[in-house]
Amino acid sequence: MEKQNEGSDCLLRKKDAALFAWPWENLGNYKYLLYGPFLAKVIYSMYWKENMEEDIWCLHILILCALRGLVHQLWSTYSNMLYLVRTRRVSQEGIGFEQIDNEWHWDNFLILQAIVGSFAYLNFPSLANLPVWDVRGFISCLILHIGISEPLYYWIHRILHSPHLFPLYHWHHHESKITHPFTAGNATFLEHLLLCVVVGIPTLGTAFIGYGSISVMYSYILAFDFLRCLGHSNVEIFPHSFYQHVPLLRYIIYCPTYHSLHHQDMKTNFCLFMPLYDLLGNTLNTASWNLQKEISSRTSTDERAPDFVFLVHIVDIMASMHTPFLFRSFSSVPFSTRLFLLPIWPFAFLIVLSMWLKSKVLLISSYNIRGRLNQSWVVPRAGFQYFLPFAAEGINNLIEEAILRADRLGVKVISLAALNKNEALNGGGTLFVNKHPNLKVRVVHGNTLTAAVILNEIPRDVNEVFLTGATSKLGRAIALYLARRRVRVLMLTQSTERFMKIQREAPADCQKFLVQVSKYQGAKQCKTWILGKWATPREQSWAPSGTHFYQFVVPPVIPFRRDSTYGKLAAMRLPKDVTGLGTCEYTMGRGVVHACHAGGLVHHLEGWTHHEVGAIDVDQIDVVWEAALKHGLKPLYNSR
């Protein structure tokens, strides 16, 4: 499709143009303090005045701003529910971190319109005494919108696309290549001043002719935001029959496909909500309705199958809210407990419990690399549920269903995350491979690369380590690998039998480097600890000062020792050519994934045809490590 070259030269795009920046831009999140005077006036009127009729407008402004924010948030939630809307997304590309950052302060316009509204109330006090209802107001408001606001916006929009103004202002809005409800509010200060006029004409105009009412104010403004979010949602919600049975509707109300085309071909589809004005202005994209029919008619059989799937689970209740369909901005940064999550925690807990009754594996995020589509699916179970004996069968059934679904879709590799590959649960994935020997999808646990990442973080001059979780899949591989390097490994285990079994796997001349210890006290002289199981403050206290704690335990241990250092969970940075990635993986940084995720990705990129389940093949650790580096994945820390 032909694209307009307006402002394509970045050198022509300026952020120092008059009225480009927002006056409170430097305040960051402290900008919300600008609502303080409204709140203070409401509180003062409620408690220190006989009645608050004079200041009721402040309350209306606050309520409207809250409701408008909620409208945008609900649309954001809906458009990011990939498991519901994936077949009807106009653009199948994901939204990356750059666009999310660009739209971070999408709600600036709410503050602006609150301030403009306060000026209107202060200059026209009669606005504070509007009736609750007047049916004539709805009719006049609609007439003013169709007759004045729609054509006014259309021509303002076209002028903003002119060669002079686009590089100064409107390019900022069009930096968002994939539309999202927050894209609707992402524009310059000047553009939103002009939008205040567009919104103000029907609302204030209706009031000035004597037909104004509170219900008109609320209804029009909320409907305005609703339709703006609809157009930017990137999800086609209208069935084609909606326009086919009543063709006139094509020119009365736009659809998400219609406006998404404007972000691809910026010479067409300029209207606010009514394509009639594009028809009159000869700027209507003739492909709009055919594309709308194609998208709205898609079924699950038409969607592109992913090439690689990373199967995760909910870590805990708080982390369950770290998802794009709840708070997009929050999920785009590494997870940490935030105060604003606390009031929502009880609701999240109830939802997690309700999913226990009936639920299925859900698609939550995706990204692309070298033409391959990679997705993350989530098993709707929290970490604590994996340790309930009566829940094991149900969890395994969900994992099995996900593997079989991936097999039907043609997925090449599915990688099991964290507790989904727990040895006690399913033998690190062997249960599914043995039960379904004809699987075309490769099932991997990715722990070979996890072991490689941990081992490559340990300095080459280290000659002794203390290892907990020594008999686990990862612990065993790390112990055997280090023993081959002639590193003395103090293995914490109470089971002499299991220790002896691992020791016998080592070459004869390396067995002496594996030493069993039964208590943490046995490592009080060792300064390199590798934690494969949770360590309490008392247990950590046995480490000498200056100890470095490596770890592969989920969730990671709490760093209690101030005289020691703590490594993070094994992870790798994705290659630079990844696109559409806009969410952080738990506590990982942007563009960083857990090593088992990276291990599954490498398995796919290499085209390996074997399953990677059960015990880790120590001989493959270096092979997988070199393959990861070859494909552009980078370690966060590397001692070599």
# chains A, B, ... in the order shown; residues from 1 in each chain; ligands from 1
$ closest_atom_pairs --of "region 147-230 of chain A" --to "region 90-105 of chain A" --cutoff "7 Å" --atoms "only C-alpha atoms" --output "JSON lines"
{"residue": "A:Ser176", "atom": "CA", "partner": "A:Gln99", "partner_atom": "CA", "distance": 5.8}
{"residue": "A:Ile178", "atom": "CA", "partner": "A:Ile95", "partner_atom": "CA", "distance": 6.4}
{"residue": "A:Phe182", "atom": "CA", "partner": "A:Glu103", "partner_atom": "CA", "distance": 6.6}
{"residue": "A:Thr183", "atom": "CA", "partner": "A:Glu103", "partner_atom": "CA", "distance": 6.4}
{"residue": "A:Asn186", "atom": "CA", "partner": "A:Glu103", "partner_atom": "CA", "distance": 5.7}
$ write_last_selection --atoms "N, CA, C and O atoms" --output "JSON list (two decimals), in the first residue's frame"
[["chain", "number", "residue", "atom", "x", "y", "z"],
["A", 176, "SER", "N", 2.78, 5.99, 16.13],
["A", 176, "SER", "CA", 2.12, 4.75, 16.54],
["A", 176, "SER", "C", 1.63, 4.04, 15.29],
["A", 176, "SER", "O", 0.58, 4.38, 14.74],
["A", 178, "ILE", "N", 0.86, 0.78, 14.99],
["A", 178, "ILE", "CA", -0.22, -0.13, 15.33],
["A", 178, "ILE", "C", -1.14, 0.61, 16.29],
["A", 178, "ILE", "O", -0.72, 0.99, 17.38],
["A", 182, "PHE", "N", -5.04, 3.79, 23.59],
["A", 182, "PHE", "CA", -4.25, 4.89, 24.14],
["A", 182, "PHE", "C", -3.69, 5.79, 23.04],
["A", 182, "PHE", "O", -3.33, 6.93, 23.30],
["A", 183, "THR", "N", -3.60, 5.26, 21.81],
["A", 183, "THR", "CA", -3.13, 6.07, 20.69],
["A", 183, "THR", "C", -4.07, 7.24, 20.46],
["A", 183, "THR", "O", -3.65, 8.32, 20.01],
["A", 186, "ASN", "N", -2.89, 10.19, 22.32],
["A", 186, "ASN", "CA", -1.48, 10.53, 22.15],
["A", 186, "ASN", "C", -1.29, 11.53, 21.02],
["A", 186, "ASN", "O", -1.22, 11.16, 19.85]]
$ residues_around --residues "region 560-566 of chain A" --least-positions-apart "2" --cutoff "8 Å" --atoms "only C-alpha atoms" --output "MDAnalysis selection string"
chainID A and resid 537 540:541 545:550 558 568
$ write_last_selection --atoms "C-alpha atoms" --output "PDB file, in the first residue's frame"
ATOM      1  CA  PRO A 537      17.865 -15.731  56.272  1.00  0.00           C
ATOM      2  CA  GLN A 540      22.073 -17.575  54.135  1.00  0.00           C
ATOM      3  CA  SER A 541      23.831 -16.426  57.298  1.00  0.00           C
ATOM      4  CA  SER A 545      31.263 -12.298  54.015  1.00  0.00           C
ATOM      5  CA  GLY A 546      31.772 -11.514  50.333  1.00  0.00           C
ATOM      6  CA  THR A 547      29.823 -14.528  49.092  1.00  0.00           C
ATOM      7  CA  HIS A 548      28.095 -14.324  45.728  1.00  0.00           C
ATOM      8  CA  PHE A 549      24.801 -16.173  45.468  1.00  0.00           C
ATOM      9  CA  TYR A 550      23.893 -17.613  42.071  1.00  0.00           C
ATOM     10  CA  ILE A 558      15.233 -12.523  49.178  1.00  0.00           C
ATOM     11  CA  LYS A 568      19.413 -12.848  39.258  1.00  0.00           C
TER      12      LYS A 568
END
$ residues_around --residues "region 352-355 of chain A" --least-positions-apart "6" --cutoff "8 Å" --atoms "only C-alpha atoms" --output "list in words"
Ile317, Pro380, Arg381 and Ala382 of chain A
$ select_by_dssp --residues "region 92-317 of chain A" --states "strand (DSSP E or B)" --output "number ranges by chain"
A: 235, 308-314
$ write_last_selection --atoms "C-alpha atoms" --output "PDB file, in the first residue's frame"
ATOM      1  CA  VAL A 235      -9.907  -4.927  16.699  1.00  0.00           C
ATOM      2  CA  PHE A 308       7.300 -21.303  18.868  1.00  0.00           C
ATOM      3  CA  VAL A 309       5.288 -21.279  22.106  1.00  0.00           C
ATOM      4  CA  PHE A 310       6.538 -20.562  25.620  1.00  0.00           C
ATOM      5  CA  LEU A 311       4.106 -22.111  28.112  1.00  0.00           C
ATOM      6  CA  VAL A 312       4.142 -20.157  31.370  1.00  0.00           C
ATOM      7  CA  HIS A 313       2.001 -20.126  34.507  1.00  0.00           C
ATOM      8  CA  ILE A 314       0.921 -17.495  37.037  1.00  0.00           C
TER       9      ILE A 314
END
$ select_by_dssp --residues "region 457-526 of chain A" --states "helix (DSSP H, G or I)" --output "PyMOL selection string"
chain A and resi 457+473-484+496-505+508-513+520-523
$ residues_around --residues "region 150-152 of chain A" --least-positions-apart "5" --cutoff "8 Å" --atoms "only C-alpha atoms" --output "short mmCIF file (atom, residue, chain, number, x, y, z; two decimals) with all heavy atoms, in the first residue's frame"
data_model
loop_
_atom_site.label_atom_id
_atom_site.label_comp_id
_atom_site.auth_asym_id
_atom_site.auth_seq_id
_atom_site.Cartn_x
_atom_site.Cartn_y
_atom_site.Cartn_z
N HIS A 145 -22.99 18.33 16.46
CA HIS A 145 -21.85 17.44 16.19
C HIS A 145 -21.76 17.12 14.70
O HIS A 145 -20.68 17.26 14.10
CB HIS A 145 -21.99 16.13 16.98
CG HIS A 145 -20.93 15.13 16.63
ND1 HIS A 145 -19.67 15.14 17.20
CD2 HIS A 145 -20.93 14.09 15.74
CE1 HIS A 145 -18.95 14.17 16.69
NE2 HIS A 145 -19.69 13.51 15.80
N VAL A 198 -13.53 21.13 19.18
CA VAL A 198 -14.41 20.16 18.53
C VAL A 198 -15.40 19.57 19.55
O VAL A 198 -16.59 19.42 19.25
CB VAL A 198 -13.57 19.03 17.90
CG1 VAL A 198 -14.48 17.91 17.37
CG2 VAL A 198 -12.71 19.58 16.77
N CYS A 271 -11.77 11.33 8.57
CA CYS A 271 -12.95 11.73 9.33
C CYS A 271 -12.80 11.49 10.82
O CYS A 271 -11.94 10.72 11.28
CB CYS A 271 -14.18 11.00 8.81
SG CYS A 271 -14.29 9.27 9.34
N LEU A 272 -13.68 12.15 11.60
CA LEU A 272 -13.73 11.94 13.04
C LEU A 272 -14.43 10.61 13.31
O LEU A 272 -13.80 9.64 13.73
CB LEU A 272 -14.48 13.10 13.71
CG LEU A 272 -14.65 13.02 15.23
CD1 LEU A 272 -13.31 12.83 15.94
CD2 LEU A 272 -15.37 14.25 15.76
N PHE A 273 -15.73 10.54 13.05
CA PHE A 273 -16.48 9.29 13.21
C PHE A 273 -17.31 8.94 11.97
O PHE A 273 -17.74 7.80 11.81
CB PHE A 273 -17.45 9.38 14.40
CG PHE A 273 -16.80 9.77 15.69
CD1 PHE A 273 -17.33 10.78 16.48
CD2 PHE A 273 -15.64 9.13 16.13
CE1 PHE A 273 -16.76 11.15 17.68
CE2 PHE A 273 -15.04 9.49 17.33
CZ PHE A 273 -15.59 10.50 18.10
N MET A 274 -17.54 9.93 11.08
CA MET A 274 -18.46 9.75 9.96
C MET A 274 -17.73 9.77 8.62
O MET A 274 -17.31 10.83 8.15
CB MET A 274 -19.54 10.85 9.98
CG MET A 274 -20.40 10.84 11.24
SD MET A 274 -21.62 12.17 11.25
CE MET A 274 -22.67 11.65 9.88
N TYR A 277 -17.87 12.45 5.42
CA TYR A 277 -17.06 13.62 5.10
C TYR A 277 -15.83 13.25 4.28
O TYR A 277 -15.32 14.08 3.51
CB TYR A 277 -16.69 14.36 6.38
CG TYR A 277 -17.90 15.01 6.99
CD1 TYR A 277 -18.64 14.38 7.99
CD2 TYR A 277 -18.36 16.23 6.51
CE1 TYR A 277 -19.78 14.95 8.51
CE2 TYR A 277 -19.51 16.83 7.03
CZ TYR A 277 -20.22 16.18 8.03
OH TYR A 277 -21.36 16.76 8.53
#
$ residues_around --residues "Ile43 (chain A)" --least-positions-apart "4" --cutoff "12 Å" --atoms "only C-alpha atoms" --output "JSON list (two decimals) with C-alpha atoms, in the first residue's frame"
[["chain", "number", "residue", "atom", "x", "y", "z"],
["A", 36, "GLY", "CA", -5.59, 18.51, 43.56],
["A", 37, "PRO", "CA", -7.36, 21.89, 43.44],
["A", 38, "PHE", "CA", -10.54, 20.25, 42.13],
["A", 39, "LEU", "CA", -10.45, 17.63, 44.87],
["A", 47, "TYR", "CA", -17.49, 19.73, 54.94],
["A", 48, "TRP", "CA", -17.29, 23.49, 55.39],
["A", 49, "LYS", "CA", -20.17, 24.85, 53.33],
["A", 51, "ASN", "CA", -24.28, 23.14, 50.35],
["A", 52, "MET", "CA", -21.95, 22.51, 47.46],
["A", 55, "ASP", "CA", -18.83, 23.98, 43.45],
["A", 56, "ILE", "CA", -20.68, 20.93, 42.11],
["A", 58, "CYS", "CA", -15.63, 20.43, 40.35],
["A", 59, "LEU", "CA", -17.16, 17.11, 41.32]]
$ closest_residue --among "A:Leu112, A:Leu601, A:Ile344, A:Leu82" --to "Leu194 (chain A)" --atoms "only C-alpha atoms"
A:Leu112
$ decode --residues "region 362-388 of chain A" --atoms "N, CA, C and O atoms" --output "PDB file, in the first residue's frame"
ATOM      1  N   LEU A 362      -4.391 -19.808  27.877  1.00  0.00           N
ATOM      2  CA  LEU A 362      -4.693 -18.557  27.187  1.00  0.00           C
ATOM      3  C   LEU A 362      -3.450 -17.969  26.527  1.00  0.00           C
ATOM      4  O   LEU A 362      -2.345 -18.064  27.068  1.00  0.00           O
ATOM      5  N   LEU A 363      -3.647 -17.340  25.388  1.00  0.00           N
ATOM      6  CA  LEU A 363      -2.590 -16.569  24.731  1.00  0.00           C
ATOM      7  C   LEU A 363      -2.498 -15.202  25.393  1.00  0.00           C
ATOM      8  O   LEU A 363      -3.500 -14.505  25.528  1.00  0.00           O
ATOM      9  N   ILE A 364      -1.284 -14.803  25.818  1.00  0.00           N
ATOM     10  CA  ILE A 364      -1.161 -13.509  26.497  1.00  0.00           C
ATOM     11  C   ILE A 364      -0.238 -12.519  25.794  1.00  0.00           C
ATOM     12  O   ILE A 364      -0.390 -11.306  25.957  1.00  0.00           O
ATOM     13  N   SER A 365       0.735 -12.993  25.009  1.00  0.00           N
ATOM     14  CA  SER A 365       1.625 -12.050  24.331  1.00  0.00           C
ATOM     15  C   SER A 365       2.305 -12.738  23.157  1.00  0.00           C
ATOM     16  O   SER A 365       2.285 -13.972  23.040  1.00  0.00           O
ATOM     17  N   SER A 366       2.901 -11.932  22.295  1.00  0.00           N
ATOM     18  CA  SER A 366       3.583 -12.488  21.127  1.00  0.00           C
ATOM     19  C   SER A 366       4.665 -11.524  20.660  1.00  0.00           C
ATOM     20  O   SER A 366       4.673 -10.346  21.021  1.00  0.00           O
ATOM     21  N   TYR A 367       5.576 -12.031  19.867  1.00  0.00           N
ATOM     22  CA  TYR A 367       6.581 -11.195  19.209  1.00  0.00           C
ATOM     23  C   TYR A 367       7.070 -11.931  17.975  1.00  0.00           C
ATOM     24  O   TYR A 367       6.777 -13.114  17.761  1.00  0.00           O
ATOM     25  N   ASN A 368       7.792 -11.234  17.138  1.00  0.00           N
ATOM     26  CA  ASN A 368       8.301 -11.820  15.896  1.00  0.00           C
ATOM     27  C   ASN A 368       9.816 -11.749  15.860  1.00  0.00           C
ATOM     28  O   ASN A 368      10.420 -10.784  16.352  1.00  0.00           O
ATOM     29  N   ILE A 369      10.413 -12.773  15.279  1.00  0.00           N
ATOM     30  CA  ILE A 369      11.853 -12.770  15.061  1.00  0.00           C
ATOM     31  C   ILE A 369      12.147 -13.497  13.755  1.00  0.00           C
ATOM     32  O   ILE A 369      11.768 -14.652  13.585  1.00  0.00           O
ATOM     33  N   ARG A 370      12.740 -12.758  12.811  1.00  0.00           N
ATOM     34  CA  ARG A 370      13.160 -13.327  11.524  1.00  0.00           C
ATOM     35  C   ARG A 370      12.022 -14.057  10.803  1.00  0.00           C
ATOM     36  O   ARG A 370      12.166 -15.172  10.315  1.00  0.00           O
ATOM     37  N   GLY A 371      10.863 -13.425  10.823  1.00  0.00           N
ATOM     38  CA  GLY A 371       9.712 -13.991  10.129  1.00  0.00           C
ATOM     39  C   GLY A 371       8.995 -15.077  10.882  1.00  0.00           C
ATOM     40  O   GLY A 371       8.028 -15.649  10.367  1.00  0.00           O
ATOM     41  N   ARG A 372       9.435 -15.372  12.088  1.00  0.00           N
ATOM     42  CA  ARG A 372       8.793 -16.413  12.893  1.00  0.00           C
ATOM     43  C   ARG A 372       7.931 -15.768  13.972  1.00  0.00           C
ATOM     44  O   ARG A 372       8.353 -14.811  14.613  1.00  0.00           O
ATOM     45  N   LEU A 373       6.757 -16.336  14.181  1.00  0.00           N
ATOM     46  CA  LEU A 373       5.830 -15.837  15.193  1.00  0.00           C
ATOM     47  C   LEU A 373       6.008 -16.644  16.477  1.00  0.00           C
ATOM     48  O   LEU A 373       5.842 -17.868  16.479  1.00  0.00           O
ATOM     49  N   ASN A 374       6.345 -15.962  17.545  1.00  0.00           N
ATOM     50  CA  ASN A 374       6.529 -16.600  18.846  1.00  0.00           C
ATOM     51  C   ASN A 374       5.456 -16.094  19.806  1.00  0.00           C
ATOM     52  O   ASN A 374       5.186 -14.892  19.855  1.00  0.00           O
ATOM     53  N   GLN A 375       4.855 -16.999  20.551  1.00  0.00           N
ATOM     54  CA  GLN A 375       3.784 -16.623  21.470  1.00  0.00           C
ATOM     55  C   GLN A 375       4.055 -17.167  22.866  1.00  0.00           C
ATOM     56  O   GLN A 375       4.749 -18.168  23.035  1.00  0.00           O
ATOM     57  N   SER A 376       3.489 -16.479  23.855  1.00  0.00           N
ATOM     58  CA  SER A 376       3.484 -16.970  25.232  1.00  0.00           C
ATOM     59  C   SER A 376       2.058 -17.341  25.593  1.00  0.00           C
ATOM     60  O   SER A 376       1.147 -16.523  25.461  1.00  0.00           O
ATOM     61  N   TRP A 377       1.878 -18.582  26.024  1.00  0.00           N
ATOM     62  CA  TRP A 377       0.591 -19.059  26.520  1.00  0.00           C
ATOM     63  C   TRP A 377       0.710 -19.246  28.027  1.00  0.00           C
ATOM     64  O   TRP A 377       1.781 -19.572  28.532  1.00  0.00           O
ATOM     65  N   VAL A 378      -0.390 -19.049  28.727  1.00  0.00           N
ATOM     66  CA  VAL A 378      -0.343 -19.179  30.182  1.00  0.00           C
ATOM     67  C   VAL A 378      -1.307 -20.262  30.660  1.00  0.00           C
ATOM     68  O   VAL A 378      -2.465 -20.314  30.240  1.00  0.00           O
ATOM     69  N   VAL A 379      -0.796 -21.139  31.509  1.00  0.00           N
ATOM     70  CA  VAL A 379      -1.644 -22.099  32.226  1.00  0.00           C
ATOM     71  C   VAL A 379      -2.269 -21.333  33.387  1.00  0.00           C
ATOM     72  O   VAL A 379      -1.547 -20.781  34.220  1.00  0.00           O
ATOM     73  N   PRO A 380      -3.601 -21.247  33.466  1.00  0.00           N
ATOM     74  CA  PRO A 380      -4.240 -20.393  34.484  1.00  0.00           C
ATOM     75  C   PRO A 380      -4.198 -21.006  35.885  1.00  0.00           C
ATOM     76  O   PRO A 380      -5.226 -21.238  36.508  1.00  0.00           O
ATOM     77  N   ARG A 381      -3.002 -21.235  36.369  1.00  0.00           N
ATOM     78  CA  ARG A 381      -2.786 -21.741  37.715  1.00  0.00           C
ATOM     79  C   ARG A 381      -1.630 -20.971  38.348  1.00  0.00           C
ATOM     80  O   ARG A 381      -0.620 -20.702  37.681  1.00  0.00           O
ATOM     81  N   ALA A 382      -1.790 -20.633  39.618  1.00  0.00           N
ATOM     82  CA  ALA A 382      -0.748 -19.905  40.349  1.00  0.00           C
ATOM     83  C   ALA A 382       0.259 -20.875  40.935  1.00  0.00           C
ATOM     84  O   ALA A 382      -0.031 -22.077  41.112  1.00  0.00           O
ATOM     85  N   GLY A 383       1.442 -20.359  41.269  1.00  0.00           N
ATOM     86  CA  GLY A 383       2.518 -21.192  41.761  1.00  0.00           C
ATOM     87  C   GLY A 383       2.131 -22.065  42.943  1.00  0.00           C
ATOM     88  O   GLY A 383       2.495 -23.247  43.004  1.00  0.00           O
ATOM     89  N   PHE A 384       1.362 -21.512  43.886  1.00  0.00           N
ATOM     90  CA  PHE A 384       1.028 -22.274  45.083  1.00  0.00           C
ATOM     91  C   PHE A 384       0.180 -23.502  44.757  1.00  0.00           C
ATOM     92  O   PHE A 384       0.198 -24.512  45.465  1.00  0.00           O
ATOM     93  N   GLN A 385      -0.576 -23.444  43.661  1.00  0.00           N
ATOM     94  CA  GLN A 385      -1.437 -24.561  43.299  1.00  0.00           C
ATOM     95  C   GLN A 385      -0.635 -25.780  42.823  1.00  0.00           C
ATOM     96  O   GLN A 385      -1.120 -26.908  42.883  1.00  0.00           O
ATOM     97  N   TYR A 386       0.588 -25.542  42.351  1.00  0.00           N
ATOM     98  CA  TYR A 386       1.420 -26.642  41.870  1.00  0.00           C
ATOM     99  C   TYR A 386       1.906 -27.532  43.017  1.00  0.00           C
ATOM    100  O   TYR A 386       2.386 -28.641  42.772  1.00  0.00           O
ATOM    101  N   PHE A 387       1.802 -27.036  44.229  1.00  0.00           N
ATOM    102  CA  PHE A 387       2.272 -27.806  45.385  1.00  0.00           C
ATOM    103  C   PHE A 387       1.122 -28.467  46.147  1.00  0.00           C
ATOM    104  O   PHE A 387       1.319 -29.020  47.219  1.00  0.00           O
ATOM    105  N   LEU A 388      -0.072 -28.399  45.565  1.00  0.00           N
ATOM    106  CA  LEU A 388      -1.226 -29.080  46.153  1.00  0.00           C
ATOM    107  C   LEU A 388      -1.392 -30.428  45.459  1.00  0.00           C
ATOM    108  O   LEU A 388      -1.650 -30.477  44.252  1.00  0.00           O
TER     109      LEU A 388
END
